[in-house]
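Peer 1: Before we start, here is the structure in question, set down as structure tokens.
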Amino acid sequence: MLALLQKNQDTFLSTREISQTLDVHPYVVYQAIKELRRWDFKISSEKGKGYRLLETPDFLLPSEIKRNLKTKILGKNILSYHTLGSTNQLGFRLAESGAGEGTLIVADEQTKGRGRMGKSWYSPPRLGLWISLILRPDIPPFKAPGLSICAGLALAQAIGDLTGMDAKIKWPNDCLINDRKVGGILLELSAELDRINFVIAGIGANVNHLPKDFPKKLSSVATSIRAERGKEVSRIKLLASFLQRFESIYLDFKKNGLAPQRRLIKRFSSLLGKKVTVRFGKEKIEGVAEDIDDNGSLVIRTRKGKRTMRAGEVTVV
Ligand code: BT5
């Protein structure tokens, strides 16, 4: 129905025309119009003429996402929800029951958005991109963290594509604009010792929040693309650009590992050359962030020599 209205945006379509073309009862047409309006599609109706689509909202519907997409694998299969607990949680369940590589799960709002290690991710309706991708790379599990950096890099590039802004990646899983967190990546794995069954790559990006849309405890650390740019951004376009960027990095990563991306990763990195503290469990390491190696680990130069960190929480000092 939506595709039909979109194709005929310059004319009115009568209920009869729609119901005949789609081979449905006129009552179904009436119900569908009601439902589309509920989703904020602006549809004008005139007696004797029928319906005409005036405006499509920035909604993450599969048909809208597909219209903008040029990828081969990522987003071939799309599941889009008004509200979900967590796209990662659903992604995990779907992957366990066999959903294919590249399946994309999108939610307009998450009520139990997850960060790492049981932390939560604030995901209000309409304002952000809250998505998960099911990936099935044939790589050993220890290489998986590299994917988090790849996804962060793709997000930073996509933000740059759309806005020209200089977004950065902060190892291991943050995306920053002007030193504030605009996005985060959560990788969840199902694996055996030497082989990955699947990876759920969860990506959260704050897109159209105004500063007042963030809860108090996030207001000094988080930002959105709109807050930094002063202008709204199309979530659909950002998603399309992200998926395209991520697909090309991901396909290369599956074949050649992280090495070919290192130059870009280093260019986009917010940490290299800075004095940092890395916390990992009870350990606390201080030094200068020197490199990100071929496994996606952060190399720190400490007073006692080099340390390679596979994971951790970094603060710039
Ligand atoms: C992350 O965790 O940064 C990973 C976030 C991944 C979210 C996506 S959304 C789609 C998919 N489905 C999910 O359920 N999750 C993924 P971490 O590095 O642990 O950061 C979490 C911390 O960031 C929180 O403890 C807050 O301090 C902060 N935070 C929470 N919500 C935020 C937001 N919207 N923007 C910026 N910072 C936020």
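Each chain of the structure tokens is named A, B, ... in the order shown, its residues numbered from 1; ligands are numbered from 1 in display order.
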Give as an NGL selection string the residues surrounding ligand 1 up to a distance of 7 Å, considering only C-alpha atoms and all ligand atoms.
Peer 2: :A and (86-89 or 112-117 or 119-123 or 130-132 or 173-174 or 181-186 or 202-204 or 206 or 218 or 221-223)
Peer 1: Could you take the residues named above and write them with N, CA and C atoms, as a short mmCIF file (atom, residue, chain, number, x, y, z; two decimals), in the first residue's frame?
Peer 2:
```cif
data_model
loop_
_atom_site.label_atom_id
_atom_site.label_comp_id
_atom_site.auth_asym_id
_atom_site.auth_seq_id
_atom_site.Cartn_x
_atom_site.Cartn_y
_atom_site.Cartn_z
N SER A 86 15.48 -5.04 23.44
CA SER A 86 16.82 -4.78 22.92
C SER A 86 16.96 -5.46 21.57
N THR A 87 17.46 -4.73 20.57
CA THR A 87 17.64 -5.34 19.24
C THR A 87 18.67 -6.46 19.32
N ASN A 88 19.66 -6.32 20.21
CA ASN A 88 20.66 -7.38 20.34
C ASN A 88 20.05 -8.67 20.88
N GLN A 89 19.16 -8.49 21.84
CA GLN A 89 18.54 -9.65 22.45
C GLN A 89 17.71 -10.42 21.41
N LYS A 112 14.95 -1.78 26.93
CA LYS A 112 16.04 -2.37 27.73
C LYS A 112 17.32 -2.40 26.92
N GLY A 113 17.62 -1.24 26.29
CA GLY A 113 18.84 -1.15 25.48
C GLY A 113 20.05 -1.50 26.34
N ARG A 114 20.98 -2.28 25.75
CA ARG A 114 22.10 -2.76 26.55
C ARG A 114 23.42 -2.13 26.14
N GLY A 115 24.25 -1.86 27.13
CA GLY A 115 25.64 -1.51 26.89
C GLY A 115 26.48 -2.72 27.28
N ARG A 116 27.78 -2.52 27.46
CA ARG A 116 28.62 -3.64 27.84
C ARG A 116 28.49 -3.92 29.34
N MET A 117 28.79 -5.16 29.70
CA MET A 117 28.86 -5.59 31.11
C MET A 117 27.66 -5.13 31.93
N LYS A 119 25.62 -2.79 31.54
CA LYS A 119 25.22 -1.37 31.57
C LYS A 119 24.03 -1.16 30.64
N SER A 120 23.36 -0.02 30.82
CA SER A 120 22.19 0.19 29.96
C SER A 120 22.48 1.25 28.91
N TRP A 121 21.69 1.22 27.87
CA TRP A 121 21.86 2.17 26.76
C TRP A 121 20.54 2.91 26.56
N TYR A 122 20.58 4.21 26.70
CA TYR A 122 19.39 5.04 26.62
C TYR A 122 18.93 5.16 25.16
N SER A 123 17.73 4.66 24.88
CA SER A 123 17.28 4.55 23.48
C SER A 123 15.84 5.04 23.30
N TRP A 130 18.93 2.51 16.59
CA TRP A 130 19.19 1.40 17.50
C TRP A 130 19.04 0.14 16.67
N ILE A 131 20.17 -0.44 16.29
CA ILE A 131 20.10 -1.55 15.33
C ILE A 131 21.04 -2.69 15.72
N SER A 132 20.73 -3.88 15.20
CA SER A 132 21.64 -5.01 15.35
C SER A 132 21.76 -5.73 14.02
N ASN A 173 34.99 0.76 21.74
CA ASN A 173 33.65 0.64 21.13
C ASN A 173 32.84 1.93 21.10
N ASP A 174 33.50 3.07 21.24
CA ASP A 174 32.73 4.31 21.25
C ASP A 174 32.93 5.12 19.98
N LYS A 181 30.22 11.26 23.64
CA LYS A 181 29.81 9.99 23.03
C LYS A 181 28.54 10.16 22.21
N VAL A 182 28.66 9.84 20.92
CA VAL A 182 27.51 9.95 20.03
C VAL A 182 27.00 8.56 19.66
N GLY A 183 27.87 7.54 19.85
CA GLY A 183 27.45 6.18 19.51
C GLY A 183 28.27 5.16 20.25
N GLY A 184 27.73 3.95 20.30
CA GLY A 184 28.44 2.86 20.96
C GLY A 184 28.14 1.55 20.25
N ILE A 185 29.09 0.62 20.36
CA ILE A 185 28.93 -0.68 19.71
C ILE A 185 28.93 -1.77 20.78
N LEU A 186 28.03 -2.70 20.65
CA LEU A 186 28.00 -3.84 21.56
C LEU A 186 28.04 -5.13 20.75
N GLY A 202 25.64 -4.85 17.70
CA GLY A 202 24.62 -3.86 18.07
C GLY A 202 25.22 -2.47 17.95
N ILE A 203 24.52 -1.61 17.26
CA ILE A 203 25.03 -0.25 17.06
C ILE A 203 23.98 0.75 17.54
N GLY A 204 24.42 1.64 18.41
CA GLY A 204 23.51 2.69 18.88
C GLY A 204 24.11 4.03 18.48
N ASN A 206 23.17 8.28 18.61
CA ASN A 206 22.25 9.38 18.95
C ASN A 206 22.18 10.32 17.76
N LEU A 218 23.61 11.73 31.74
CA LEU A 218 24.34 11.60 30.48
C LEU A 218 24.69 12.96 29.87
N VAL A 221 28.28 13.82 29.15
CA VAL A 221 29.14 12.89 28.40
C VAL A 221 28.61 12.52 27.03
N ALA A 222 27.28 12.66 26.85
CA ALA A 222 26.68 12.21 25.59
C ALA A 222 26.33 13.39 24.70
N THR A 223 26.27 13.11 23.41
CA THR A 223 25.77 14.12 22.48
C THR A 223 25.06 13.43 21.33
#
```
Peer 1: Could you list, with a cut-off of 10 Å and counting only C-alpha atoms, the residues of stretch 101-185 of chain A near stretch 58-63 of chain A, each shown with its nearest atom pair and the distance in Å rounded to one decimal, rows sorted by chain and ascending number, as CSV?
Peer 2:
```
residue,atom,partner,partner_atom,distance
A:Leu104,CA,A:Pro62,CA,9.5
A:Ile105,CA,A:Pro62,CA,9.8
A:Val106,CA,A:Leu60,CA,7.2
A:Ala107,CA,A:Leu60,CA,7.8
A:Asp108,CA,A:Leu60,CA,7.0
A:Arg126,CA,A:Phe59,CA,7.7
A:Leu127,CA,A:Asp58,CA,9.9
A:Leu129,CA,A:Leu60,CA,8.8
```
Peer 1: Selection from above, all heavy atoms, as a tab-separated table (two decimals), in the first residue's frame, can you write it?
Peer 2:
```
chain	number	residue	atom	x	y	z
A	104	LEU	N	19.08	-7.59	9.55
A	104	LEU	CA	19.12	-6.31	10.27
A	104	LEU	C	17.88	-6.18	11.14
A	104	LEU	O	16.76	-6.37	10.66
A	104	LEU	CB	19.16	-5.17	9.25
A	104	LEU	CG	19.00	-3.75	9.78
A	104	LEU	CD1	20.21	-3.33	10.61
A	104	LEU	CD2	18.81	-2.76	8.62
A	105	ILE	N	18.10	-5.88	12.41
A	105	ILE	CA	16.97	-5.65	13.32
A	105	ILE	C	17.03	-4.19	13.73
A	105	ILE	O	18.07	-3.69	14.16
A	105	ILE	CB	17.06	-6.56	14.55
A	105	ILE	CG1	17.00	-8.02	14.11
A	105	ILE	CG2	15.92	-6.29	15.53
A	105	ILE	CD1	18.22	-8.78	14.39
A	106	VAL	N	15.89	-3.51	13.58
A	106	VAL	CA	15.83	-2.08	13.86
A	106	VAL	C	14.70	-1.82	14.85
A	106	VAL	O	13.64	-2.40	14.72
A	106	VAL	CB	15.48	-1.31	12.56
A	106	VAL	CG1	15.45	0.17	12.80
A	106	VAL	CG2	16.45	-1.64	11.45
A	107	ALA	N	14.95	-0.95	15.82
A	107	ALA	CA	13.85	-0.55	16.70
A	107	ALA	C	13.80	0.97	16.77
A	107	ALA	O	14.85	1.63	16.84
A	107	ALA	CB	14.05	-1.12	18.09
A	108	ASP	N	12.60	1.50	16.76
A	108	ASP	CA	12.48	2.94	16.91
A	108	ASP	C	12.80	3.34	18.35
A	108	ASP	O	13.34	4.40	18.61
A	108	ASP	CB	11.05	3.36	16.54
A	108	ASP	CG	10.95	4.85	16.37
A	108	ASP	OD1	11.80	5.41	15.65
A	108	ASP	OD2	10.04	5.46	16.96
A	126	ARG	N	12.18	7.67	18.19
A	126	ARG	CA	12.34	8.69	17.13
A	126	ARG	C	13.73	9.32	17.00
A	126	ARG	O	14.02	9.91	15.99
A	126	ARG	CB	11.36	9.87	17.30
A	126	ARG	CG	9.92	9.51	17.32
A	126	ARG	CD	9.48	9.12	15.92
A	126	ARG	NE	8.17	8.51	15.96
A	126	ARG	CZ	7.05	9.19	15.78
A	126	ARG	NH1	7.09	10.46	15.50
A	126	ARG	NH2	5.90	8.56	15.86
A	127	LEU	N	14.54	9.27	18.05
A	127	LEU	CA	15.71	10.14	18.04
A	127	LEU	C	17.01	9.49	17.57
A	127	LEU	O	17.94	10.18	17.21
A	127	LEU	CB	15.92	10.73	19.44
A	127	LEU	CG	14.76	11.58	19.96
A	127	LEU	CD1	15.03	12.06	21.37
A	127	LEU	CD2	14.49	12.75	19.03
A	129	LEU	N	19.43	5.79	16.11
A	129	LEU	CA	19.48	4.52	15.38
A	129	LEU	C	19.82	3.45	16.40
A	129	LEU	O	20.90	3.49	17.02
A	129	LEU	CB	20.64	4.54	14.38
A	129	LEU	CG	20.42	5.02	12.96
A	129	LEU	CD1	21.67	4.72	12.16
A	129	LEU	CD2	19.21	4.38	12.32
```
Peer 1: Report as a Markdown table the residues of stretch 135-192 of chain A within 6 Å of stretch 254-276 of chain A, each with its shortest atom pair and distance in Å (one decimal), using only C-alpha atoms, ordered by chain and increasing residue number.
Peer 2:
```
| residue | atom | partner | partner_atom | distance |
| --- | --- | --- | --- | --- |
| A:Lys168 | CA | A:Phe268 | CA | 5.0 |
| A:Ile169 | CA | A:Ser269 | CA | 4.9 |
| A:Lys170 | CA | A:Ser270 | CA | 5.4 |
```
Peer 1: Going by DSSP on the backbone, which residues of stretch 94-129 of chain A come out as helix (DSSP H, G or I)? List them as a list in words.
Peer 2: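 The residues of stretch 94-129 of chain A classed as helix (DSSP H, G or I) are Leu94, Ala95, Glu96, Arg116, Met117 and Gly118 of chain A.
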Peer 1: Dump as a tab-separated table the rows for residues of stretch 233-279 of chain A within 7 Å of stretch 155-164 of chain A: closest atom pair and distance in Å with one decimal, only C-alpha atoms counted, ordered by chain and rising residue number.
Peer 2:
```
residue	atom	partner	partner_atom	distance
A:Leu238	CA	A:Ala158	CA	6.3
A:Ser241	CA	A:Ala158	CA	5.3
A:Phe242	CA	A:Ala158	CA	5.0
A:Arg245	CA	A:Ala158	CA	6.9
```
Peer 1: Quick one: pull the distance between atom CA of A:Ala144 and atom CA of A:Gly91, Å, one decimal.
Peer 2: 17.0 Å
Peer 1: Leaving out A:Arg52 and any residue of its chain fewer than 2 positions from it, which residues lie within 6 Å of it when counting only C-alpha atoms, given as a ChimeraX atom specification?
Peer 2: /A:12,43-44
Peer 1: Within 12 Å of A:Ala191, counting only C-alpha atoms, which residues show up once you throw out same-chain ones fewer than 2 positions away? Write them as a count of residues only, please.
Peer 2: 20
Peer 1: Excluding same-chain residues fewer than 3 positions from A:Arg67, what lies within 12 Å of it counting only C-alpha atoms, as a PyMOL selection string?
Peer 2: chain A and resi 3+6+60-64+70-71+75-76+236-237+239-240
Peer 1: With C-alpha atoms retained, export the selected residues as a PDB file, in the first residue's frame.
Peer 2:
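Wrote out19.pdb, looks like this:
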```pdb
ATOM      1  CA  ALA A   3       4.731   1.530  -2.197  1.00  0.00           C
ATOM      2  CA  GLN A   6       4.671   6.478  -3.029  1.00  0.00           C
ATOM      3  CA  LEU A  60      12.772   3.104   9.870  1.00  0.00           C
ATOM      4  CA  LEU A  61      10.391   0.918   7.918  1.00  0.00           C
ATOM      5  CA  PRO A  62      11.903  -1.911   5.858  1.00  0.00           C
ATOM      6  CA  SER A  63      10.552  -0.497   2.582  1.00  0.00           C
ATOM      7  CA  GLU A  64      12.043   2.929   3.372  1.00  0.00           C
ATOM      8  CA  LYS A  70      22.977  -0.242  -2.008  1.00  0.00           C
ATOM      9  CA  THR A  71      24.416  -3.136   0.004  1.00  0.00           C
ATOM     10  CA  GLY A  75      20.083  -5.388   5.404  1.00  0.00           C
ATOM     11  CA  LYS A  76      18.943  -7.901   2.810  1.00  0.00           C
ATOM     12  CA  ILE A 236      17.370   6.502   7.101  1.00  0.00           C
ATOM     13  CA  LYS A 237      20.236   8.156   5.225  1.00  0.00           C
ATOM     14  CA  LEU A 239      21.621   3.993   8.315  1.00  0.00           C
ATOM     15  CA  ALA A 240      22.113   3.509   4.574  1.00  0.00           C
TER      16      ALA A 240
END
```
Peer 1: Name all residues at most 10 Å from A:Ile33 (count only C-alpha atoms; drop same-chain ones fewer than 5 positions away) and give them as a list of chain:residue names.
Peer 2: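 Surrounding residues, per the criterion: A:Met1, A:Leu2, A:Tyr27, A:Val28, A:Arg38, A:Trp39, A:Phe41, A:Lys42, A:Ile43, A:Ser45, A:Tyr51, A:Leu53.
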